[in-house]
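Asker: Take a look at my_file.cif, mmCIF, C-alpha atoms:
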data_data
#
loop_
_atom_site.label_atom_id
_atom_site.label_comp_id
_atom_site.auth_asym_id
_atom_site.auth_seq_id
_atom_site.Cartn_x
_atom_site.Cartn_y
_atom_site.Cartn_z
CA MET G 20 -3.47 42.06 -115.64
CA ASP G 21 -4.16 39.26 -113.20
CA TYR G 22 -7.80 39.07 -112.14
CA SER G 23 -8.92 38.09 -108.65
CA HIS G 24 -10.84 35.02 -109.79
CA SER G 25 -11.39 32.81 -112.81
CA ASP G 26 -14.11 33.87 -115.26
CA ALA G 27 -16.49 31.28 -113.81
CA GLU G 28 -15.85 32.64 -110.32
CA LEU G 29 -16.06 36.30 -111.38
CA ILE G 30 -19.57 35.75 -112.72
CA ARG G 31 -20.64 34.88 -109.17
CA GLN G 32 -18.89 37.82 -107.48
CA PRO G 33 -21.07 40.45 -105.74
CA ILE G 34 -21.53 43.58 -107.84
CA GLY G 35 -22.05 45.68 -104.70
CA TYR G 36 -18.59 44.88 -103.41
CA TRP G 37 -16.81 45.47 -106.72
CA THR G 38 -18.59 48.72 -107.51
CA TRP G 39 -17.81 49.93 -103.98
CA ALA G 40 -14.13 48.94 -104.35
CA ALA G 41 -13.91 50.66 -107.75
CA HIS G 42 -15.63 53.78 -106.37
CA LYS G 43 -13.27 53.92 -103.41
CA ALA G 44 -10.16 53.48 -105.59
CA VAL G 45 -11.17 56.07 -108.19
CA VAL G 46 -12.37 58.71 -105.70
CA THR G 47 -9.35 58.25 -103.42
CA ARG G 48 -6.94 58.61 -106.37
CA THR G 49 -8.80 61.64 -107.76
CA ARG G 50 -8.94 63.42 -104.42
CA ALA G 51 -5.26 62.79 -103.73
CA ALA G 52 -4.24 64.20 -107.13
CA LEU G 53 -6.42 67.29 -106.66
CA ALA G 54 -5.13 67.77 -103.09
CA GLU G 55 -1.62 68.01 -104.54
CA LEU G 56 -2.87 71.08 -106.42
CA GLY G 57 -4.42 72.50 -103.26
CA THR G 58 -8.06 71.84 -104.06
CA THR G 59 -10.84 69.37 -103.30
CA GLN G 60 -12.94 67.29 -105.63
CA PRO G 61 -16.10 69.35 -104.89
CA GLN G 62 -14.16 72.56 -105.60
CA TRP G 63 -13.13 71.02 -108.93
CA TRP G 64 -16.80 70.31 -109.67
CA VAL G 65 -17.62 73.97 -108.99
CA LEU G 66 -14.75 75.22 -111.14
CA ALA G 67 -15.71 72.89 -113.99
CA GLN G 68 -19.36 73.97 -113.90
CA VAL G 69 -18.44 77.65 -113.96
CA ALA G 70 -15.64 77.30 -116.53
CA ARG G 71 -17.66 75.19 -118.96
CA ALA G 72 -20.95 77.08 -118.72
CA GLY G 73 -22.13 78.72 -121.91
CA ALA G 74 -23.54 81.57 -119.82
CA PRO G 75 -22.75 82.33 -116.19
CA LYS G 76 -24.76 80.17 -113.79
CA THR G 77 -26.17 81.35 -110.51
CA ARG G 78 -24.84 80.04 -107.22
CA ALA G 79 -28.18 78.28 -106.71
CA GLU G 80 -27.90 76.56 -110.10
CA VAL G 81 -24.37 75.31 -109.43
CA SER G 82 -25.16 74.20 -105.89
CA GLY G 83 -28.40 72.52 -106.98
CA LEU G 84 -26.67 70.59 -109.73
CA LEU G 85 -23.72 69.42 -107.63
CA ARG G 86 -25.30 68.68 -104.26
CA ASN G 87 -26.11 65.11 -105.27
CA TYR G 88 -22.61 64.29 -106.52
CA LEU G 89 -21.31 61.52 -104.26
CA ASP G 90 -23.94 62.54 -101.71
CA ALA G 91 -22.13 65.81 -101.01
CA GLY G 92 -25.32 67.57 -99.90
CA PRO G 93 -26.25 71.26 -100.00
CA GLU G 94 -24.17 72.34 -96.99
CA VAL G 95 -20.98 70.87 -98.43
CA MET G 96 -21.56 72.43 -101.83
CA GLU G 97 -22.31 75.85 -100.38
CA SER G 98 -19.11 75.62 -98.34
CA GLU G 99 -17.09 74.52 -101.37
CA ILE G 100 -18.49 77.35 -103.50
CA ASP G 101 -17.46 79.74 -100.71
CA ALA G 102 -13.98 78.18 -100.70
CA THR G 103 -13.55 78.77 -104.46
CA ILE G 104 -14.58 82.40 -103.96
CA GLU G 105 -12.20 82.79 -101.00
CA ALA G 106 -9.37 81.23 -103.04
CA GLY G 107 -9.91 83.95 -105.65
CA TRP G 108 -10.87 81.51 -108.40
CA ILE G 109 -14.49 82.59 -108.74
CA ASP G 110 -16.36 85.88 -108.42
CA GLN G 111 -20.00 86.03 -107.40
CA ALA G 112 -22.17 88.91 -108.51
CA GLY G 113 -24.03 90.02 -105.39
CA ASP G 114 -24.64 88.21 -102.13
CA THR G 115 -27.79 86.29 -103.06
CA PRO G 116 -28.20 82.76 -104.46
CA ASP G 117 -29.09 84.47 -107.75
CA GLY G 118 -25.58 85.91 -107.99
CA ARG G 119 -23.88 84.76 -111.17
CA LEU G 120 -20.57 82.92 -110.79
CA THR G 121 -17.66 83.68 -113.11
CA LEU G 122 -14.04 82.61 -113.19
CA THR G 123 -11.39 85.13 -112.27
CA PRO G 124 -8.16 85.20 -114.30
CA GLU G 125 -6.52 83.23 -111.46
CA GLY G 126 -9.44 80.80 -111.57
CA ARG G 127 -9.09 80.28 -115.31
CA ALA G 128 -5.36 79.52 -114.89
CA PHE G 129 -6.03 77.16 -111.98
CA PHE G 130 -8.85 75.47 -113.86
CA GLY G 131 -6.41 74.78 -116.71
CA LYS G 132 -4.00 73.06 -114.31
CA ALA G 133 -6.74 71.05 -112.63
CA ALA G 134 -8.27 70.08 -115.99
CA ALA G 135 -4.88 68.76 -117.12
CA VAL G 136 -4.68 66.62 -113.97
CA GLN G 137 -8.21 65.34 -114.61
CA ASP G 138 -7.22 64.46 -118.20
CA ASP G 139 -4.19 62.54 -116.89
CA LEU G 140 -6.39 60.71 -114.39
CA TRP G 141 -8.85 59.79 -117.15
CA THR G 142 -6.01 58.32 -119.21
CA GLU G 143 -4.68 56.43 -116.18
CA ARG G 144 -8.10 54.96 -115.32
CA HIS G 145 -8.84 53.94 -118.90
CA ALA G 146 -5.50 52.22 -119.60
CA GLY G 147 -6.18 48.90 -121.31
CA ILE G 148 -9.93 49.57 -121.52
CA SER G 149 -11.47 50.09 -124.95
CA ASP G 150 -14.26 52.57 -125.58
CA GLU G 151 -16.51 49.59 -126.31
CA GLU G 152 -15.71 47.98 -122.95
CA TYR G 153 -16.26 51.28 -121.16
CA LEU G 154 -19.59 51.82 -122.90
CA THR G 155 -20.71 48.30 -121.98
CA THR G 156 -19.67 48.90 -118.37
CA MET G 157 -21.66 52.15 -118.19
CA LYS G 158 -24.75 50.48 -119.63
CA VAL G 159 -24.45 47.48 -117.31
CA LEU G 160 -24.08 49.73 -114.25
CA GLN G 161 -27.09 51.80 -115.29
CA ARG G 162 -29.07 48.60 -115.77
CA PHE G 163 -28.11 47.47 -112.23
CA ILE G 164 -29.33 50.81 -110.90
CA HIS G 165 -32.58 50.52 -112.85
CA ASN G 166 -33.14 46.87 -111.85
CA THR G 167 -32.77 47.67 -108.16
CA GLY G 168 -35.07 50.70 -108.22
CA GLY G 169 -32.20 53.09 -107.67
CA GLU G 170 -31.78 56.53 -109.10
CA ALA G 171 -28.65 58.01 -110.56
CA TRP G 172 -28.05 60.98 -112.75
CA HIS G 173 -24.96 62.69 -114.01
CA HIS G 174 -24.95 65.56 -116.44
#
Could you quickly redo this structure as structure tokens?
Answerer:
Amino acid sequence: MDYSHSDAELIRQPIGYWTWAAHKAVVTRTRAALAELGTTQPQWWVLAQVARAGAPKTRAEVSGLLRNYLDAGPEVMESEIDATIEAGWIDQAGDTPDGRLTLTPEGRAFFGKAAAVQDDLWTERHAGISDEEYLTTMKVLQRFIHNTGGEAWHH
């Protein structure tokens, strides 16, 4: 791969720009791939939380966990949970925030397709990047967040 600058020049490049550019590229690619399946990235988050839960989570638990992902916010997550229910992928027990969310058979099949796309995207993003390089990158990014007084959390 050709890099944008020499090593000496890269050391002086602004981290804010490059993390923004990486974020934009990864999110745009992910959302385009999921759109081809007929879903959104927040709907994928909902499906993944419900599918991978050891015990069914409440709507409030899922919404509370996901509302900070990419600054989606509570209104977006509530709308996206509704969309997964309307699509027939998830059932909600009752009409309250305490209603437990479970995958329908259609939801389980769709989750399998979407998970395969996510696996392909992971492989695409990580091409030519060792686990050691990835781990270093994650630690460096978390250190930047810490050093600037920011907050970030991902399950």
Asker: Evaluate the PyMOL selection byres ((chain G and resi 20-34) around 12) and record the selected residues as number ranges by chain, following the chain and residue labels used in the document.
Answerer: G: 35-42, 146-148, 156, 159-160, 163-164, 167
Asker: Given the file shown, enumerate the residues that the PyMOL selection byres ((chain G and resi 65) around 9) captures and present them as a VMD selection string.
Answerer: chain G and resid 60 to 64 66 to 70 81 to 82 85 96 99 to 100 103
Asker: Please tell me which residues are no farther than 8 Å from (-11.3, 84.1, -107.9) in the file, counting only C-alpha atoms, and write them as a VMD selection string.
Answerer: chain G and resid 103 to 110 122 to 126
Asker: For the atom pair CA of Gln111 in chain G and CA of Thr49 in chain G, what is the interatomic distance in Å to one decimal place?
Answerer: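 These atoms are spaced 26.8 Å apart.
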Asker: With distances taken over only C-alpha atoms, which of G:Gly92, G:Leu140, G:Ser98, G:Ala79 is nearest to Thr59 in chain G?
Answerer: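 Among the listed residues, the smallest separation from Thr59 in chain G belongs to G:Ser98.
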Asker: Just give me the gap between CA of Asp139 in chain G and CA of Arg78 in chain G in Å, one decimal is fine.
Answerer: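 Those two atoms sit 28.7 Å apart.
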Asker: For a test of reading the model, state the distance in Å between CA of Val46 in chain G and CA of Tyr88 in chain G, rounded to one decimal.
Answerer: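 Computing the Euclidean distance for CA of Val46 in chain G and CA of Tyr88 in chain G yields 11.7 Å.
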Asker: What do you get, as a compact mmCIF listing (two decimals) with C-alpha atoms, keeping the file's coordinate frame, if you spell out every residue that the PyMOL selection byres ((chain G and resi 171) around 12) selects here?
Answerer:
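Final file, expr27.txt:
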# COMPACT_ATOMS: atom_id res chain seq x y z
CA ASN G 87 -26.11 65.11 -105.27
CA TYR G 88 -22.61 64.29 -106.52
CA LEU G 89 -21.31 61.52 -104.26
CA ASP G 90 -23.94 62.54 -101.71
CA MET G 157 -21.66 52.15 -118.19
CA LEU G 160 -24.08 49.73 -114.25
CA GLN G 161 -27.09 51.80 -115.29
CA ARG G 162 -29.07 48.60 -115.77
CA PHE G 163 -28.11 47.47 -112.23
CA ILE G 164 -29.33 50.81 -110.90
CA HIS G 165 -32.58 50.52 -112.85
CA THR G 167 -32.77 47.67 -108.16
CA GLY G 168 -35.07 50.70 -108.22
CA GLY G 169 -32.20 53.09 -107.67
CA GLU G 170 -31.78 56.53 -109.10
CA TRP G 172 -28.05 60.98 -112.75
CA HIS G 173 -24.96 62.69 -114.01
CA HIS G 174 -24.95 65.56 -116.44
Asker: Please list as a PDB file with C-alpha atoms, in the frame of the given file every residue within 12 Å of Ala112 in chain G, counting all atoms listed in the file and excluding residues in the same chain fewer than 3 positions away.
Answerer:
ATOM      1  CA  PRO G  75     -22.750  82.330-116.190  1.00  0.00           C
ATOM      2  CA  LYS G  76     -24.760  80.170-113.790  1.00  0.00           C
ATOM      3  CA  THR G  77     -26.170  81.350-110.510  1.00  0.00           C
ATOM      4  CA  ARG G  78     -24.840  80.040-107.220  1.00  0.00           C
ATOM      5  CA  ILE G 104     -14.580  82.400-103.960  1.00  0.00           C
ATOM      6  CA  ILE G 109     -14.490  82.590-108.740  1.00  0.00           C
ATOM      7  CA  THR G 115     -27.790  86.290-103.060  1.00  0.00           C
ATOM      8  CA  PRO G 116     -28.200  82.760-104.460  1.00  0.00           C
ATOM      9  CA  ASP G 117     -29.090  84.470-107.750  1.00  0.00           C
ATOM     10  CA  GLY G 118     -25.580  85.910-107.990  1.00  0.00           C
ATOM     11  CA  ARG G 119     -23.880  84.760-111.170  1.00  0.00           C
ATOM     12  CA  LEU G 120     -20.570  82.920-110.790  1.00  0.00           C
ATOM     13  CA  THR G 121     -17.660  83.680-113.110  1.00  0.00           C
ATOM     14  CA  LEU G 122     -14.040  82.610-113.190  1.00  0.00           C
TER      15      LEU G 122
END
Asker: As lines of an AutoDock Vina configuration file, please report the centre and edge lengths, rounded to one decimal in Å, of the axis-aligned box that holds all listed atoms of range 56-64 of chain G with 4 Å of padding on each of the six sides.
Answerer:
center_x = -9.8
center_y = 69.9
center_z = -106.5
size_x = 21.9
size_y = 13.3
size_z = 14.4
Asker: Under the rule that only C-alpha atoms are counted, which of G:Glu80, G:Phe129, G:Ser149, G:Gln137 is the nearest residue to Gly57 in chain G?
Answerer: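 When distances to Gly57 in chain G are compared using only C-alpha atoms, the smallest one comes from G:Phe129.
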Asker: For Lys132 in chain G, which of G:Arg50, G:Thr58, G:Ala102, G:Val45 is the closest residue, counting all atoms listed in the file?
Answerer: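 Selected residue with least distance to Lys132 in chain G: G:Thr58.
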Asker: Have a look at G:Ala91, G:Tyr153, G:Ala54, G:Gly83 and name the one nearest to Trp141 in chain G; count all atoms listed in the file.
Answerer: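 Closest to Trp141 in chain G of all the choices is G:Tyr153.
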